[in-house]
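Notes for the one structure printed next.
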Amino acid sequence: QSRSSAASDVYKRQMTREQMHLALDVTLIGAWDWWVKENRVHWNDNHFRLLGYAPKAFEPSFERWQATVHPEDLQRVERAINQALTKHIDFLEEYRVIHADGSVHWLLGKGRGIFNRHGQVVRMVGVVFDITERKHIAESLRRSEALNHQILEAIPDLLMGLSADGTCIGYAGGTGPHALHTPEQAIGCKPHELLPPALADQRMASLTEALKTYRMQVYEQQLSIDGKVHHEEVRVVPVAQDQALLIVRNVSDRKQAEQALVESEERYRLVTEN
C-alpha cells in the first residue's frame, strides 16, 4: 500500500510538472531559474524565443540576459532585482530587449527570491511575458491624441452656428457620419428638431452654460446612424453674447483604440496577478 501511494505521489508530481511546462509553452510564457551564489541559470524554450534566440542556442547565463536588455533599461532593471533580493519583495518590471535582428521588444519580468532559514538568497525564479503589442497600442493612442488635439479646430467633421435659443444659423461640413441633415434642412431649426431628446437637452445645456460663462464647453455623445453607434466630441465655443460655434468631431477610432488598450491592460492584469 505504501509503495502504491508513493508511486502515485511521484506520478502526480510528474504530471504536475508536465502540465506546467505545457501551460508555459501554450501561453508563450518564458520561465527562468537563477541560482544566485553559483550564478547558474536555467531558461525554458520560450525564454530563449522572447530574447530573440532559438531554444538552447547557447548556455544561458545572467550575463547573456544582460546583453539583450536595452542599455537605457538595464540599470533600472538590475536595481529592481537587487531591491527585490535585499528587501525580500517580488520583482516586477517592464523593459525592452534587443533581438539579434535589431528589433526591439517589450517584456514584463516577474520574479521572486527563495531564501534559506538565515534569510540568505539561494535562488530567484520568475517568468517573462511579451507586452510589445500593449505598448504599441498605448503609444499609438498617445500619438493620436496629441495629433487630434493639434488639428481639432482645423478640420472638424461639423461646424454649426447657434443662436442663444439653439437655432442653427450656419452649417458647414457634415459630409461623413454626421450628414443627418443638409444645410437647408438644418438652418433655422432648433436642437429638438434635429436630435434625439437627450442629445438635444445636452446641447442646450452646454450652449446656455457657454454663453453664461463665456467659456468653451466640451462633452461627448453617442449618435446612432443606420444602426451603427458613432462616438462624437462636441465643443460649444461662445463667439458673441448671444451666439456660439458648435464643433463636432468623430472620435470613434479613438474610442476603439481606448477599448483595445483596456482589453490589453486587463489581460496584463490577469497575467501579473496569477
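So you can find residues: chains in the C-alpha cells are A, B, ... in the order shown, residues in each start at 1, and ligands are numbered from 1 in order.
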
- Message: I'd like the neighbourhood of segment 187-191 of chain A as a ChimeraX atom specification, where a residue qualifies if any of its atoms comes within 7 Å (using only C-alpha atoms), though same-chain residues fewer than 2 positions away should be ignored.
- Response: /A:166-171,183-185,193-195,200

Next, write the just-selected residues to a file, as a compact mmCIF listing (two decimals), in the first residue's frame, keeping N, CA, C and O atoms as the atom set.
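And here's part38.txt as it stands now:
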# COMPACT_ATOMS: atom_id res chain seq x y z
N GLY A 166 -30.60 78.16 -29.47
CA GLY A 166 -30.21 76.91 -30.09
C GLY A 166 -30.51 76.81 -31.57
O GLY A 166 -30.19 75.79 -32.20
N THR A 167 -31.11 77.84 -32.14
CA THR A 167 -31.43 77.81 -33.57
C THR A 167 -30.16 77.76 -34.41
O THR A 167 -29.21 78.51 -34.15
N CYS A 168 -30.15 76.89 -35.39
CA CYS A 168 -28.99 76.79 -36.29
C CYS A 168 -29.01 77.97 -37.26
O CYS A 168 -29.97 78.16 -38.02
N ILE A 169 -27.94 78.76 -37.24
CA ILE A 169 -27.86 79.93 -38.12
C ILE A 169 -26.72 79.79 -39.13
O ILE A 169 -26.49 80.69 -39.94
N GLY A 170 -26.02 78.67 -39.10
CA GLY A 170 -24.96 78.40 -40.06
C GLY A 170 -24.57 76.94 -39.98
O GLY A 170 -24.62 76.33 -38.90
N TYR A 171 -24.18 76.35 -41.11
CA TYR A 171 -23.94 74.91 -41.14
C TYR A 171 -22.88 74.61 -42.19
O TYR A 171 -23.00 75.04 -43.34
N PRO A 183 -27.56 71.39 -45.17
CA PRO A 183 -27.63 72.75 -44.62
C PRO A 183 -29.05 73.33 -44.71
O PRO A 183 -29.50 74.01 -43.78
N GLU A 184 -29.73 73.04 -45.81
CA GLU A 184 -31.09 73.57 -45.97
C GLU A 184 -32.04 73.01 -44.92
O GLU A 184 -32.95 73.72 -44.45
N GLN A 185 -31.83 71.76 -44.54
CA GLN A 185 -32.69 71.14 -43.53
C GLN A 185 -32.36 71.62 -42.13
O GLN A 185 -33.25 71.71 -41.28
N GLU A 193 -35.45 69.63 -32.93
CA GLU A 193 -35.93 69.29 -34.26
C GLU A 193 -34.90 68.49 -35.05
O GLU A 193 -35.22 67.93 -36.11
N LEU A 194 -33.66 68.44 -34.54
CA LEU A 194 -32.56 67.79 -35.26
C LEU A 194 -32.01 66.55 -34.56
O LEU A 194 -31.42 65.69 -35.22
N LEU A 195 -32.17 66.47 -33.25
CA LEU A 195 -31.52 65.42 -32.46
C LEU A 195 -32.52 64.67 -31.60
O LEU A 195 -33.60 65.19 -31.30
N ALA A 200 -30.46 66.57 -27.58
CA ALA A 200 -30.90 67.95 -27.73
C ALA A 200 -30.82 68.69 -26.40
O ALA A 200 -30.37 69.85 -26.33

- Item | Those of segment 42-264 of chain A in DSSP strand (DSSP E or B), formatted as an MDAnalysis selection string | chainID A and resid 42:43 69 91:98 104:115 121:130 158:163 168:173 217:225 228:240 243:250

- Would you list the contacts of segment 131-134 of chain A as a list in words, taking every protein, DNA or RNA residue within 6 Å and counting only C-alpha atoms, but skipping same-chain residues closer than 4 positions in sequence? His105, Trp106, Leu107 and Ser264 of chain A

Take the residues from that selection and put them in a file with N, CA and C atoms, as a tab-separated table (two decimals), in the first residue's frame.
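Generated output (selection_36.tsv):
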chain	number	residue	atom	x	y	z
A	105	HIS	N	11.75	44.73	-28.50
A	105	HIS	CA	10.54	44.13	-27.96
A	105	HIS	C	10.42	44.47	-26.48
A	106	TRP	N	9.18	44.63	-26.02
A	106	TRP	CA	8.92	44.91	-24.61
A	106	TRP	C	8.57	43.63	-23.87
A	107	LEU	N	9.19	43.45	-22.70
A	107	LEU	CA	8.90	42.30	-21.85
A	107	LEU	C	8.45	42.77	-20.47
A	264	SER	N	-6.28	45.02	-23.44
A	264	SER	CA	-4.90	44.58	-23.30
A	264	SER	C	-4.43	44.73	-21.86

- Task: Taking the DSSP assignment computed from this structure's backbone, write out as a PyMOL selection string all residues of segment 120-244 of chain A that belong to helix (DSSP H, G or I).
- Result: chain A and resi 132-151+183-186+191-194+197-213

- Item | Shell around Val128 of chain A at 7 Å using only C-alpha atoms, local window under 6 positions removed, as an MDAnalysis selection string | chainID A and resid 29:31 107:110

- Message: I'd like the neighbourhood of segment 229-235 of chain A as a ChimeraX atom specification, where a residue qualifies if any of its atoms comes within 8 Å (using only C-alpha atoms), though same-chain residues fewer than 3 positions away should be ignored.
- Response: /A:177,216-225,246-252,255

- Please measure the separation of atom CA of Leu28 of chain A and atom CA of Asn46 of chain A, giving the value in Å to one decimal. 6.0 Å

- Just the residues within 8 Å of Tyr53 of chain A, please, counting only C-alpha atoms, with nothing from its chain fewer than 4 positions along; format it as a ChimeraX atom specification. /A:48-49,57,99-100

- Item | Nearest residue to Val104 of chain A from the set A:Phe58, A:Arg117, A:His70, A:Lys135 (distances using only C-alpha atoms) |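 Smallest separation from Val104 of chain A among the options: A:His70.
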
- Message: What's around Gln75 of chain A at 10 Å? Count only C-alpha atoms, leave out sequence neighbours fewer than 6 positions away in its own chain, and write the answer as a VMD selection string.
- Response: chain A and resid 66 69 81

Got time to write the residues from that selection, N, CA, C and O atoms, as an mmCIF file, in the first residue's frame?
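So the final result, stored in again_1.cif, reads:
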data_model
loop_
_atom_site.group_PDB
_atom_site.id
_atom_site.type_symbol
_atom_site.label_atom_id
_atom_site.label_comp_id
_atom_site.auth_asym_id
_atom_site.auth_seq_id
_atom_site.Cartn_x
_atom_site.Cartn_y
_atom_site.Cartn_z
ATOM 1 N N GLN A 66 21.756 40.039 -19.610
ATOM 2 C CA GLN A 66 22.116 41.457 -19.550
ATOM 3 C C GLN A 66 22.421 42.022 -20.935
ATOM 4 O O GLN A 66 22.063 43.155 -21.249
ATOM 5 N N VAL A 69 19.256 43.154 -22.878
ATOM 6 C CA VAL A 69 18.420 44.238 -22.360
ATOM 7 C C VAL A 69 18.855 45.569 -22.955
ATOM 8 O O VAL A 69 20.051 45.848 -23.095
ATOM 9 N N ILE A 81 15.977 44.229 -9.403
ATOM 10 C CA ILE A 81 16.328 42.869 -8.986
ATOM 11 C C ILE A 81 17.048 42.900 -7.637
ATOM 12 O O ILE A 81 16.718 42.132 -6.714
#

- Could you please determine the separation between atom CA of Arg254 of chain A and atom CA of Gln202 of chain A in Å, to one decimal place? 21.9 Å

- In terms of only C-alpha atoms, the residue from A:Gly161, A:Pro197, A:Gly52, A:Gly113 at minimal distance from Val236 of chain A is A:Gly161

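Relative to atom CA of Tyr95 of chain A, atom CA of Glu72 of chain A is found at 9.1 Å.
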